[in-house]
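I have placed the structure first, in the form of structure tokens, so that the comments after it can refer back to it.
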There are 2 protein chains.
Amino acid sequence: MTVKEAVTEIIEKKQKDGGIREVYFVGCGGSLGAFYPAKIFLETESQSIHAGWYNSNEFLHNTPRRLGKNSVVITASHRGDTPETVKAAKMAYEAGIPVIALTWSPDSPITEVADYVVSYTFGPDKDIAGEKTVVGLLAAVEILHQTEGYDNYETFLEGVSRIDGIVKRARRQVEKRAMAFAREYKEDRVIYNMGSGAGYGAAYMESICIFMEMQWIHSASIHTGEFFHGPFEITDAEVPFFIQISEGPTRELDERALTFLKKYAKRIEVLDAKELGLSTIDSSVVSYFNHSLFNNVYDVYNHALAESREHPLTTRRYMWKVEY
Amino acid sequence: MTVKEAVTEIIEKKQKDGGIREVYFVGCGGSLGAFYPAKIFLETESQSIHAGWYNSNEFLHNTPRRLGKNSVVITASHRGDTPETVKAAKMAYEAGIPVIALTWSPDSPITEVADYVVSYTFGPDKDIAGEKTVVGLLAAVEILHQTEGYDNYETFLEGVSRIDGIVKRARRQVEKRAMAFAREYKEDRVIYNMGSGAGYGAAYMESICIFMEMQWIHSASIHTGEFFHGPFEITDAEVPFFIQISEGPTRELDERALTFLKKYAKRIEVLDAKELGLSTIDSSVVSYFNHSLFNNVYDVYNHALAESREHPLTTRRYMWKVEY
């Protein structure tokens, strides 16, 4: 089932009940991060729909009172068995709230507590237009388009049709830089990620899923607008910053942070969405595509870094290994 | 003017226009962090009001389309001159949107672009019931109470009347631990903060405003629910974690993270809201008071750490010193 079909059916069913008023994106770690652009999309573009973005266990324990007959829950679990996410979906499902589950595992536990199961592309050669982040975004776009209407709907779909080509070119474009990065930062114990706007979620994911989880490197994701109100005092010639310069309305924030870093830091790795070709997507929708670009370009760096550090991306000491 | 008076007047004026549908909390760094419980309060308790929580510069560049005649902007700047916050307030003010500004500086620039100026308590002996975080919360509580109604309104105010006594006892309670902490973590280059629920903002503030800004120690604030989906792989016997065990619905998340840390980490500092006396506040509202408790108890640790490291909390290398 496509996410458009799921949304269309939900909206039809909800018509007599007052439609959709709340959309809750619920997940853990990378699956939560992947929903960040969808949440920002609705927060920015919608006139009336409330978008919530919740860690599954937070959602389960600190459940919003308004969760009810005008809500939709959109959740994701790659293996389909993340316990907190399955529980959160179950809670909503049993309350009669439509649940859309994004998963890569067709017969997994999450599919038993979801009204609609949607798959996505995954793996080294995946079509970016079908990846989890884009599917999440398409859910948000369809919901807006089919309720309030969305003027840039066709333009957005045009962007979706371009993203795969852009990302694949950009990945080739950074290959050498990624290898230089891997050599330079091989011994580092701390690497910061920075970003803003709808692309901030990519910085969050790189920080928690790659540096912390897969490389055991200390990290934090710093919003480029927040940087000047605390975090920037950590800056010196030694501390590495991996900064996203996004395309779209918050580019100015990222550029300002970069200007500062160029003056006071020495070890900066820049991912510039414009230089990486994202600007061929129309400016009215481009910001929502930063995440897919950055997230997939980081991947080239991640493999190079893992090789250079001789610390495979699959190495874990706790995840799936011990009880927690 | 009190925040209740400001809210009452706004609601009266908005009555013919369809009331309040969106509340935007807008600020930078610590001023943004202070609004976190207010945002969570509306997200959790309200049936219809959308709560936005924005860094000022993000708000200015990535402005939500729904910002308009049914919106209220609540902003804060301690000195009243944070450039991005003044600009964001000005943008809303000039569009005719009611702006409430929390500031400690009565004649500062922010007061010129705000319809309502509200002050708060500050400094070592401040009345916690009047501090910025509680004033922000009271704005949210009054908005809910005067629009949809809020069943726990009186109970919430009863909590406000208790918080100062609780915090002041808790501060004395941790004095010795804070000194031990300051000795133990004197040489550390990384300290993580952890938390969840409405109190998570206190972990964010401690991480960016104290460890990074005032002590130049690497840090990140990790949500205890997100911990198991990436960040926990960083855990070992050497890495220090400062963890908030909150009172209220997400306590289970914090306790789970602590159980893990007790098994695999060795250097853990625990702030337990229950042990620190917060449970005398009714369970229906207690979660919203975690932030004020933790934030003000951290302060005892911060002074001890600054002294032990001979790095005063006022030391800056960039903030207010260079152009940025």
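Chain labels run A, B, ... following the order of the structure tokens; each chain numbers its residues from 1, and ligands are numbered from 1 in the order shown.
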Contact table chain B vs chain A, cut-off 7 Å, shortest pair per residue, only C-alpha atoms, as CSV:
residue,atom,partner,partner_atom,distance
B:Cys28,CA,A:Glu226,CA,6.1
B:Gly29,CA,A:His229,CA,4.8
B:Glu43,CA,A:Pro64,CA,6.3
B:Thr44,CA,A:Pro64,CA,4.1
B:Glu45,CA,A:Arg65,CA,5.6
B:Ser46,CA,A:Arg66,CA,6.6
B:Gln47,CA,A:Arg66,CA,4.7
B:His50,CA,A:His50,CA,5.8
B:Asn55,CA,A:Gly225,CA,6.5
B:Asn57,CA,A:Gly225,CA,5.8
B:Glu58,CA,A:Gly225,CA,6.5
B:His61,CA,A:Pro249,CA,5.4
B:Asn62,CA,A:Pro249,CA,5.7
B:Thr63,CA,A:Thr44,CA,6.7
B:Pro64,CA,A:Thr44,CA,4.1
B:Arg65,CA,A:Glu45,CA,5.6
B:Arg66,CA,A:Gln47,CA,4.6
B:Gly197,CA,A:Glu58,CA,6.9
B:Ile208,CA,A:Gly230,CA,5.2
B:Cys209,CA,A:Gly230,CA,4.9
B:Met212,CA,A:Pro231,CA,5.3
B:Glu213,CA,A:Gly230,CA,4.5
B:Trp216,CA,A:Ile234,CA,4.9
B:Ile217,CA,A:Ile234,CA,7.0
B:Ser219,CA,A:Ala220,CA,7.0
B:Ala220,CA,A:Ala220,CA,5.0
B:Gly225,CA,A:Asn57,CA,5.8
B:Glu226,CA,A:Gly29,CA,5.7
B:His229,CA,A:Gly29,CA,4.8
B:Gly230,CA,A:Glu213,CA,4.5
B:Pro231,CA,A:Met212,CA,5.3
B:Phe232,CA,A:Glu213,CA,7.0
B:Glu233,CA,A:Glu213,CA,4.8
B:Ile234,CA,A:Trp216,CA,4.9
B:Pro249,CA,A:His61,CA,5.4
B:Thr250,CA,A:His61,CA,5.6
B:Phe260,CA,A:Tyr324,CA,6.4
B:Arg316,CA,A:Glu233,CA,6.9
B:Arg317,CA,A:Glu233,CA,6.6
B:Tyr318,CA,A:Glu233,CA,6.4
B:Tyr324,CA,A:Phe260,CA,6.3
Taking only range 49-223 of chain B into account, list the residues labelled strand (DSSP E or B) by DSSP (computed from the backbone), as a PyMOL selection string.
chain B and resi 50-55+71-77+99-103+116-118+121+131+190+192-195+218+221-223
Any chance you could export the current selection's N, CA, C and O atoms as a CSV table (one decimal), in the first residue's frame?
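Dumped to part_32.csv:
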chain,number,residue,atom,x,y,z
B,50,HIS,N,-2.4,24.8,19.4
B,50,HIS,CA,-1.1,24.4,18.9
B,50,HIS,C,0.0,25.2,19.6
B,50,HIS,O,0.0,26.4,19.7
B,51,ALA,N,1.0,24.4,20.2
B,51,ALA,CA,2.1,25.1,20.8
B,51,ALA,C,3.4,24.9,20.0
B,51,ALA,O,3.8,23.8,19.6
B,52,GLY,N,4.0,26.1,19.6
B,52,GLY,CA,5.3,26.0,18.9
B,52,GLY,C,6.4,26.4,19.8
B,52,GLY,O,6.2,27.3,20.7
B,53,TRP,N,7.5,25.9,19.6
B,53,TRP,CA,8.7,26.2,20.5
B,53,TRP,C,9.9,26.4,19.6
B,53,TRP,O,10.3,25.5,18.9
B,54,TYR,N,10.3,27.6,19.4
B,54,TYR,CA,11.2,28.0,18.3
B,54,TYR,C,12.4,28.8,18.8
B,54,TYR,O,12.3,29.8,19.6
B,55,ASN,N,13.6,28.5,18.3
B,55,ASN,CA,14.7,29.4,18.4
B,55,ASN,C,14.3,30.6,17.6
B,55,ASN,O,13.7,30.6,16.6
B,71,SER,N,-3.0,33.9,16.9
B,71,SER,CA,-1.8,33.5,17.5
B,71,SER,C,-1.4,34.4,18.7
B,71,SER,O,-1.8,35.6,18.7
B,72,VAL,N,-0.6,33.9,19.6
B,72,VAL,CA,0.1,34.7,20.6
B,72,VAL,C,1.5,34.3,20.6
B,72,VAL,O,1.9,33.1,20.4
B,73,VAL,N,2.4,35.3,20.7
B,73,VAL,CA,3.8,35.0,20.8
B,73,VAL,C,4.3,35.4,22.2
B,73,VAL,O,4.1,36.5,22.7
B,74,ILE,N,5.0,34.4,22.8
B,74,ILE,CA,5.5,34.6,24.2
B,74,ILE,C,7.0,34.5,24.0
B,74,ILE,O,7.5,33.4,23.6
B,75,THR,N,7.7,35.5,24.4
B,75,THR,CA,9.2,35.5,24.1
B,75,THR,C,9.9,35.9,25.4
B,75,THR,O,9.3,36.5,26.4
B,76,ALA,N,11.2,35.7,25.5
B,76,ALA,CA,12.0,36.0,26.6
B,76,ALA,C,13.4,36.4,26.2
B,76,ALA,O,14.0,35.8,25.4
B,77,SER,N,13.9,37.5,26.9
B,77,SER,CA,15.3,37.9,26.8
B,77,SER,C,15.7,38.5,28.1
B,77,SER,O,15.1,39.5,28.5
B,99,VAL,N,2.2,40.2,21.6
B,99,VAL,CA,3.5,39.7,22.0
B,99,VAL,C,3.6,39.9,23.5
B,99,VAL,O,3.5,41.0,24.0
B,100,ILE,N,3.9,38.8,24.3
B,100,ILE,CA,4.2,39.0,25.7
B,100,ILE,C,5.7,38.8,25.8
B,100,ILE,O,6.3,37.8,25.3
B,101,ALA,N,6.4,39.7,26.4
B,101,ALA,CA,7.9,39.6,26.5
B,101,ALA,C,8.2,39.5,28.0
B,101,ALA,O,7.8,40.3,28.8
B,102,LEU,N,9.0,38.4,28.3
B,102,LEU,CA,9.5,38.2,29.7
B,102,LEU,C,10.9,38.8,29.7
B,102,LEU,O,11.7,38.4,28.9
B,103,THR,N,11.2,39.7,30.5
B,103,THR,CA,12.5,40.3,30.6
B,103,THR,C,12.8,40.7,32.0
B,103,THR,O,11.9,41.0,32.8
B,116,TYR,N,2.9,43.4,25.9
B,116,TYR,CA,2.9,43.1,27.4
B,116,TYR,C,4.3,42.8,27.8
B,116,TYR,O,4.9,41.9,27.3
B,117,VAL,N,4.7,43.5,28.8
B,117,VAL,CA,6.0,43.2,29.4
B,117,VAL,C,5.9,42.7,30.8
B,117,VAL,O,5.2,43.2,31.6
B,118,VAL,N,6.4,41.5,31.0
B,118,VAL,CA,6.3,40.8,32.3
B,118,VAL,C,7.7,40.6,32.9
B,118,VAL,O,8.6,40.1,32.1
B,121,THR,N,11.5,36.9,38.7
B,121,THR,CA,12.6,36.9,39.8
B,121,THR,C,13.9,36.3,39.2
B,121,THR,O,13.9,35.5,38.3
B,131,GLU,N,10.1,32.8,39.0
B,131,GLU,CA,11.2,32.8,38.0
B,131,GLU,C,10.6,32.6,36.6
B,131,GLU,O,9.5,32.2,36.4
B,190,VAL,N,34.2,15.7,29.1
B,190,VAL,CA,32.8,15.5,28.5
B,190,VAL,C,31.9,15.1,29.7
B,190,VAL,O,32.3,14.3,30.5
B,192,TYR,N,27.6,14.2,30.1
B,192,TYR,CA,26.3,14.2,29.5
B,192,TYR,C,25.2,14.5,30.5
B,192,TYR,O,25.3,14.2,31.7
B,193,ASN,N,24.1,15.1,30.0
B,193,ASN,CA,22.9,15.4,30.8
B,193,ASN,C,21.8,14.5,30.2
B,193,ASN,O,21.7,14.4,29.0
B,194,MET,N,21.0,14.0,31.1
B,194,MET,CA,19.9,13.2,30.6
B,194,MET,C,18.6,13.5,31.3
B,194,MET,O,18.6,13.9,32.5
B,195,GLY,N,17.5,13.4,30.6
B,195,GLY,CA,16.2,13.7,31.2
B,195,GLY,C,15.1,13.4,30.2
B,195,GLY,O,15.3,12.9,29.1
B,218,HIS,N,32.6,19.5,26.9
B,218,HIS,CA,31.8,18.9,25.9
B,218,HIS,C,30.6,18.3,26.5
B,218,HIS,O,30.7,17.7,27.6
B,221,SER,N,22.6,16.9,25.6
B,221,SER,CA,21.4,16.4,26.5
B,221,SER,C,20.8,15.3,25.7
B,221,SER,O,20.3,15.4,24.6
B,222,ILE,N,20.7,14.2,26.4
B,222,ILE,CA,20.1,12.9,25.9
B,222,ILE,C,18.8,12.7,26.5
B,222,ILE,O,18.7,12.6,27.7
B,223,HIS,N,17.8,12.5,25.7
B,223,HIS,CA,16.5,12.1,26.2
B,223,HIS,C,16.5,10.6,26.6
B,223,HIS,O,17.1,9.8,25.9
Give me the residues within 10 Å of Val135 in chain B as a list in words, counting only C-alpha atoms and dropping any in the same chain fewer than 4 places off.
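The filter keeps Thr2, Val3, Lys4, Ala34, Phe35, Ala38, Leu102, Val118, Ser119, Tyr120, Thr121, Ile128, Ala129, Gly130, Glu131, Ala139, Ala140 and Val141 of chain B.
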So that I have them on file, write out the residues from the current selection with N, CA and C atoms, as an mmCIF file, in the first residue's frame.
data_model
loop_
_atom_site.group_PDB
_atom_site.id
_atom_site.type_symbol
_atom_site.label_atom_id
_atom_site.label_comp_id
_atom_site.auth_asym_id
_atom_site.auth_seq_id
_atom_site.Cartn_x
_atom_site.Cartn_y
_atom_site.Cartn_z
ATOM 1 N N THR B 2 1.124 41.410 35.524
ATOM 2 C CA THR B 2 1.307 39.963 35.697
ATOM 3 C C THR B 2 0.970 39.250 34.387
ATOM 4 N N VAL B 3 1.463 38.034 34.269
ATOM 5 C CA VAL B 3 1.219 37.282 33.044
ATOM 6 C C VAL B 3 -0.265 36.921 32.940
ATOM 7 N N LYS B 4 -0.919 36.761 34.078
ATOM 8 C CA LYS B 4 -2.356 36.479 34.089
ATOM 9 C C LYS B 4 -3.140 37.665 33.518
ATOM 10 N N ALA B 34 13.904 27.616 28.991
ATOM 11 C CA ALA B 34 12.986 27.933 30.097
ATOM 12 C C ALA B 34 11.528 27.758 29.699
ATOM 13 N N PHE B 35 11.238 27.837 28.412
ATOM 14 C CA PHE B 35 9.856 27.687 27.925
ATOM 15 C C PHE B 35 9.470 26.226 27.652
ATOM 16 N N ALA B 38 6.426 24.843 29.471
ATOM 17 C CA ALA B 38 5.186 25.498 29.032
ATOM 18 C C ALA B 38 4.709 24.891 27.719
ATOM 19 N N LEU B 102 8.958 38.421 28.314
ATOM 20 C CA LEU B 102 9.493 38.233 29.667
ATOM 21 C C LEU B 102 10.906 38.772 29.667
ATOM 22 N N VAL B 118 6.445 41.503 31.023
ATOM 23 C CA VAL B 118 6.305 40.835 32.314
ATOM 24 C C VAL B 118 7.699 40.561 32.859
ATOM 25 N N SER B 119 7.920 40.883 34.115
ATOM 26 C CA SER B 119 9.237 40.611 34.694
ATOM 27 C C SER B 119 9.187 39.320 35.503
ATOM 28 N N TYR B 120 10.336 38.894 35.943
ATOM 29 C CA TYR B 120 10.419 37.654 36.737
ATOM 30 C C TYR B 120 11.510 37.804 37.775
ATOM 31 N N THR B 121 11.532 36.881 38.712
ATOM 32 C CA THR B 121 12.562 36.932 39.753
ATOM 33 C C THR B 121 13.864 36.348 39.225
ATOM 34 N N ILE B 128 11.356 31.170 43.636
ATOM 35 C CA ILE B 128 11.243 30.283 42.477
ATOM 36 C C ILE B 128 9.850 30.404 41.834
ATOM 37 N N ALA B 129 8.840 30.692 42.637
ATOM 38 C CA ALA B 129 7.473 30.819 42.110
ATOM 39 C C ALA B 129 7.353 31.956 41.102
ATOM 40 N N GLY B 130 8.356 32.852 41.073
ATOM 41 C CA GLY B 130 8.289 33.992 40.160
ATOM 42 C C GLY B 130 9.346 33.942 39.078
ATOM 43 N N GLU B 131 10.072 32.823 38.977
ATOM 44 C CA GLU B 131 11.169 32.764 37.996
ATOM 45 C C GLU B 131 10.620 32.586 36.579
ATOM 46 N N ALA B 139 1.722 31.406 31.963
ATOM 47 C CA ALA B 139 1.111 31.923 30.728
ATOM 48 C C ALA B 139 0.343 30.800 30.045
ATOM 49 N N ALA B 140 0.973 29.641 29.924
ATOM 50 C CA ALA B 140 0.334 28.499 29.269
ATOM 51 C C ALA B 140 -0.891 28.035 30.054
ATOM 52 N N VAL B 141 -0.749 27.963 31.365
ATOM 53 C CA VAL B 141 -1.845 27.504 32.223
ATOM 54 C C VAL B 141 -3.032 28.476 32.138
#
Please determine, counting only C-alpha atoms, which residue among A:Asn296, A:Asn290, A:Gln15, A:Ser246 has the shortest atom-to-atom distance to Val174 in chain A.
A:Asn296
Running DSSP on the backbone, which parts of range 203-242 of chain A land in helix (DSSP H, G or I), as a list in words?
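Result set for range 203-242 of chain A (helix (DSSP H, G or I)): Ala203, Tyr204, Met205, Glu206, Ser207, Ile208, Cys209, Ile210, Phe211, Met212, Glu213, Met214, Phe227, Phe228, His229, Pro231, Phe232, Glu233 and Ile234 of chain A.
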Atomic separation - CA of Phe122 in chain B relative to CA of Ile11 in chain B, Å
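Pair CA of Ile11 in chain B / CA of Phe122 in chain B returns 28.2 Å.
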Extract, using only C-alpha atoms, all DNA, RNA and protein residues at most 9 Å from Glu275 in chain B, discarding same-chain residues fewer than 4 positions from it, and format them as number ranges by chain.
B: 170, 271, 279
Tell me which of B:Glu187, B:Glu142, B:Asp127, B:Asp254 sits closest to Gly165 in chain B, counting only C-alpha atoms.
B:Asp127
Calculate how many Å separate CA of Phe156 in chain B from CA of Val285 in chain B, rounding to one decimal.
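Going from CA of Phe156 in chain B over to CA of Val285 in chain B, I get 5.9 Å.
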Excluding Asp272 in chain A and its own-chain neighbours fewer than 2 positions away, which residues fall within 8 Å of it when counting only C-alpha atoms? Please give them as a list in words.
Gln244, Ile245, Ser246, Val270, Lys274, Glu275 and Leu276 of chain A
